[in-house]
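Novice: Contents of input08.txt (compact mmCIF, C-alpha atoms):
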# COMPACT_ATOMS: atom_id res chain seq x y z
CA MET A 1 46.75 -64.31 -132.52
CA LYS A 2 45.81 -61.27 -134.58
CA LYS A 3 43.62 -60.04 -131.73
CA LYS A 4 46.50 -60.37 -129.28
CA LEU A 5 48.79 -58.32 -131.54
CA GLU A 6 46.09 -55.66 -132.08
CA ASP A 7 45.55 -55.35 -128.32
CA ALA A 8 49.28 -54.94 -127.71
CA LYS A 9 49.56 -51.78 -129.88
CA GLY A 10 53.17 -50.56 -129.33
CA LEU A 11 54.24 -53.68 -127.41
CA TRP A 12 53.93 -56.06 -130.36
CA PRO A 13 57.73 -56.62 -130.76
CA LYS A 14 57.77 -58.12 -127.25
CA ILE A 15 54.69 -60.29 -127.89
CA LEU A 16 55.64 -61.42 -131.42
CA PRO A 17 57.77 -64.43 -130.31
CA GLU A 18 54.84 -65.75 -128.25
CA VAL A 19 52.47 -65.34 -131.18
CA LEU A 20 54.86 -67.08 -133.58
CA TRP A 21 55.33 -69.93 -131.08
CA ALA A 22 51.55 -70.30 -130.84
CA TYR A 23 51.26 -70.37 -134.64
CA ARG A 24 53.99 -73.00 -135.06
CA THR A 25 52.56 -75.24 -132.37
CA THR A 26 48.88 -75.01 -133.36
CA LEU A 27 47.40 -77.92 -135.25
CA LYS A 28 46.59 -76.86 -138.82
CA THR A 29 43.29 -78.25 -140.07
CA ASN A 30 44.33 -78.70 -143.68
CA MET A 31 47.47 -80.70 -142.81
CA ARG A 32 46.35 -82.18 -139.46
CA GLU A 33 49.90 -81.55 -138.33
CA MET A 34 51.81 -78.78 -136.58
CA PRO A 35 54.37 -76.91 -138.69
CA TYR A 36 56.85 -77.44 -135.82
CA SER A 37 56.47 -81.21 -135.91
CA LEU A 38 56.89 -81.34 -139.71
CA ILE A 39 60.20 -79.47 -139.48
CA TYR A 40 61.74 -80.73 -136.24
CA VAL A 41 60.15 -84.21 -136.34
CA ILE A 42 59.08 -84.05 -132.68
CA GLU A 43 56.00 -82.91 -130.87
CA VAL A 44 56.49 -79.67 -129.03
CA VAL A 45 56.82 -79.59 -125.26
CA ILE A 46 55.83 -76.29 -123.72
CA PRO A 47 58.07 -74.85 -120.97
CA VAL A 48 55.42 -75.41 -118.30
CA GLU A 49 55.61 -79.19 -118.94
CA VAL A 50 59.36 -79.15 -118.30
CA GLU A 51 59.02 -77.34 -114.94
CA GLU A 52 55.91 -79.26 -113.85
CA PRO A 53 56.32 -82.67 -115.52
CA SER A 54 53.18 -84.00 -117.09
CA LEU A 55 52.50 -87.64 -117.88
CA ARG A 56 53.41 -87.07 -121.52
CA TYR A 57 56.73 -85.39 -120.65
CA SER A 58 57.76 -88.04 -118.11
CA TYR A 59 56.93 -90.78 -120.63
CA GLU A 60 59.05 -89.12 -123.35
CA SER A 61 62.06 -88.44 -121.11
CA GLY A 62 62.63 -92.11 -120.22
CA THR A 63 65.05 -94.62 -121.73
CA SER A 64 62.74 -95.37 -124.63
CA ASN A 65 63.20 -91.79 -125.87
CA ASP A 66 66.08 -92.74 -128.21
CA GLU A 67 64.09 -95.57 -129.75
CA SER A 68 60.97 -93.47 -130.23
CA ARG A 69 63.07 -90.63 -131.66
CA SER A 70 64.66 -92.90 -134.29
CA HIS A 71 61.21 -94.32 -135.09
CA GLU A 72 59.84 -90.78 -135.59
CA LEU A 73 62.79 -89.92 -137.84
CA ASP A 74 62.02 -92.94 -139.98
CA GLU A 75 58.39 -91.87 -140.36
CA ILE A 76 58.90 -88.14 -140.99
CA ASP A 77 58.95 -88.42 -144.78
CA GLU A 78 55.67 -90.30 -144.71
CA ARG A 79 54.11 -87.72 -142.35
CA ARG A 80 55.24 -84.87 -144.60
CA ASP A 81 53.89 -86.64 -147.69
CA MET A 82 50.54 -87.28 -146.02
CA ALA A 83 50.32 -83.65 -144.88
CA TYR A 84 51.07 -82.52 -148.44
CA ILE A 85 48.44 -84.87 -149.87
CA ARG A 86 45.81 -83.57 -147.40
CA MET A 87 46.72 -80.00 -148.34
CA VAL A 88 46.36 -80.72 -152.08
CA VAL A 89 43.02 -82.49 -151.55
CA GLN A 90 41.68 -79.52 -149.59
CA LYS A 91 42.76 -77.12 -152.38
CA GLN A 92 41.06 -79.32 -154.98
CA GLN A 93 37.85 -79.36 -152.93
CA ALA A 94 37.91 -75.56 -152.63
CA LYS A 95 38.55 -75.25 -156.38
CA ARG A 96 35.60 -77.55 -157.18
CA TYR A 97 33.34 -75.59 -154.81
CA PHE A 98 34.11 -72.23 -156.40
CA ASN A 99 34.18 -73.53 -159.99
CA LYS A 100 30.71 -75.07 -159.75
CA LYS A 101 29.37 -71.51 -159.58
CA GLU A 102 31.07 -70.68 -162.86
CA LYS A 103 28.68 -70.12 -165.74
CA VAL A 104 29.56 -71.86 -168.99
CA ARG A 105 28.49 -69.72 -171.91
CA PRO A 106 29.55 -71.33 -175.15
CA LEU A 107 29.65 -68.79 -177.95
CA LYS A 108 30.50 -69.62 -181.54
CA VAL A 109 30.98 -67.87 -184.86
CA GLY A 110 27.66 -66.65 -186.21
CA ASP A 111 26.01 -66.05 -182.81
CA TYR A 112 24.47 -62.68 -182.01
CA VAL A 113 25.63 -60.98 -178.83
CA LEU A 114 25.25 -57.78 -176.87
CA LYS A 115 28.39 -55.92 -175.82
CA ALA A 116 28.64 -54.38 -172.34
CA LYS A 117 28.96 -50.62 -172.24
CA THR A 118 32.11 -49.39 -170.55
CA GLN A 119 31.96 -46.57 -168.02
CA ALA A 120 33.61 -44.24 -170.55
CA SER A 121 31.10 -45.03 -173.31
CA LYS A 122 27.98 -44.50 -171.18
CA ASP A 123 26.07 -41.30 -171.81
CA PRO A 124 26.07 -39.30 -168.54
CA ARG A 125 22.67 -37.81 -169.45
CA GLU A 126 21.05 -41.27 -169.28
CA GLY A 127 21.80 -41.63 -165.57
CA LYS A 128 21.47 -44.91 -163.74
CA LEU A 129 18.45 -46.01 -165.75
CA GLY A 130 20.34 -45.99 -169.05
CA THR A 131 21.09 -49.15 -170.99
CA ASN A 132 24.10 -51.26 -170.00
CA TRP A 133 24.47 -53.05 -173.33
CA ASN A 134 25.17 -52.11 -176.96
CA GLY A 135 24.22 -54.21 -179.90
CA PRO A 136 23.33 -56.62 -181.24
CA TYR A 137 26.61 -57.67 -182.85
CA LYS A 138 27.50 -60.80 -184.79
CA ILE A 139 30.55 -62.92 -183.93
CA ILE A 140 32.67 -63.25 -187.07
CA ALA A 141 35.78 -64.99 -185.69
CA LYS A 142 37.25 -66.46 -182.56
CA ALA A 143 40.43 -64.55 -181.69
CA ASN A 144 41.94 -66.14 -178.58
CA LYS A 145 40.66 -68.30 -175.77
CA GLY A 146 37.49 -66.52 -174.68
CA SER A 147 37.73 -63.51 -177.03
CA PHE A 148 35.94 -62.79 -180.27
CA GLN A 149 35.88 -60.41 -183.24
CA LEU A 150 32.56 -58.68 -183.79
CA LYS A 151 30.75 -56.83 -186.55
CA THR A 152 27.71 -54.59 -186.46
CA MET A 153 24.42 -55.46 -188.11
CA GLU A 154 25.41 -53.11 -190.96
CA GLY A 155 28.54 -55.23 -191.62
CA LYS A 156 31.14 -52.87 -190.12
CA GLN A 157 33.84 -54.76 -188.16
CA ILE A 158 34.54 -53.62 -184.60
CA PRO A 159 38.30 -52.85 -184.35
CA ASN A 160 39.13 -54.69 -181.09
CA ASN A 161 38.63 -58.23 -179.82
CA TRP A 162 36.07 -58.62 -177.05
CA ASN A 163 36.33 -60.98 -174.09
CA ILE A 164 33.43 -63.31 -173.34
CA ASN A 165 33.01 -61.60 -169.93
CA HIS A 166 31.87 -58.45 -171.76
CA LEU A 167 29.42 -60.25 -174.05
CA SER A 168 25.91 -61.53 -173.50
CA HIS A 169 24.25 -64.07 -175.78
CA VAL A 170 21.11 -62.81 -177.57
CA LEU A 171 18.39 -65.41 -177.48
CA ASN A 172 16.58 -66.04 -180.74
CA GLY A 173 12.93 -66.20 -180.31
Written as structure tokens, that's how I'd like the structure from this file.

Specialist:
Amino acid sequence: MKKKLEDAKGLWPKILPEVLWAYRTTLKTNMREMPYSLIYVIEVVIPVEVEEPSLRYSYESGTSNDESRSHELDEIDERRDMAYIRMVVQKQQAKRYFNKKEKVRPLKVGDYVLKAKTQASKDPREGKLGTNWNGPYKIIAKANKGSFQLKTMEGKQIPNNWNINHLSHVLNG
């Protein structure tokens, strides 16, 4: 769809309805439903099927259409709920996949850490081979979730709290 709009350049206002129709009538993998069918309760029939009747269209246009339509209306809430459940499950799977790469670094009061140098605090004369860390520092208190108060080895407290993302645990050994 994006490719079709990019190819159209200045003609995209004329092509936009076709692209939106294609989007609404395409089966979505996370829901296994079409957005059109979840809103209007019926499967979409493309204009070509009306002019040149297909087996599906001729079956749906018979006398059983009213019965099948009322049956579909009865089941729409269940279809919407199932689509929602499939969507939530897919989001949970994606969350688990990305969170398993997360590194757990438990730090506690009394641990020694290195503090990352910020771009402003780096000495420009060191160049790219300069150190990226300052320290070591000692954690003296836990401030908020994931942030700590630090002090130098001389006992001077650092004025700001530091987030765990900017700290690296010093291994004793």

Novice: For Glu154 in chain A, which of A:Arg79, A:Gly135, A:Val19, A:Thr118 is the closest residue, counting only C-alpha atoms?

Specialist: A:Gly135

Novice: One decimal, Å: what's the distance from CA of Ala83 in chain A over to CA of Glu33 in chain A, could you say?

Specialist: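 These two atoms are separated by 6.9 Å.
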
Novice: Please report, as lines of an AutoDock Vina configuration file, the centre and edge lengths in Å to one decimal of an axis-aligned box covering all listed atoms of range 112-127 of chain A with 6 Å per side.

Specialist:
center_x = 27.3
center_y = -50.2
center_z = -173.8
size_x = 24.6
size_y = 36.9
size_z = 28.4

Novice: When you count only C-alpha atoms, which of these residues is closest to Ser168 in chain A: A:Ile85, A:Leu107, A:Ile76, A:Leu16?

Specialist: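 Of the candidates, the smallest distance to Ser168 in chain A is held by A:Leu107.
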
Novice: Report the distance between CA of Asn165 in chain A and CA of Gln90 in chain A in Å, rounded to one decimal place.

Specialist: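 Going from CA of Asn165 in chain A over to CA of Gln90 in chain A, I get 28.5 Å.
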
Novice: Please measure the separation of CA of Val113 in chain A and CA of Ile139 in chain A, giving the value in Å to one decimal.

Specialist: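 These two atoms are separated by 7.3 Å.
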
Novice: Residues around (34.6, -49.0, -179.2), cut-off 10 Å, counting only C-alpha atoms - what are they as a PyMOL selection string?

Specialist: chain A and resi 115+117-118+120-121+158-160+162

Novice: Using all atoms listed in the file, which of A:Thr131, A:Ser68, A:Thr152, A:Asn161 sits nearest Ala116 in chain A?

Specialist: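 Under the stated criterion, the closest residue is A:Thr131.
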
Novice: Which of these residues is nearest to Ile140 in chain A, using all atoms listed in the file: A:Met153, A:Ala94, A:Leu11, A:Val89?

Specialist: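 Selected residue with least distance to Ile140 in chain A: A:Met153.
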
Novice: Out of A:Gln93, A:Gln119, A:Ser147, A:Asn134, which residue has the shortest atom-to-atom distance to Pro106 in chain A when counting all atoms listed in the file?

Specialist: A:Ser147
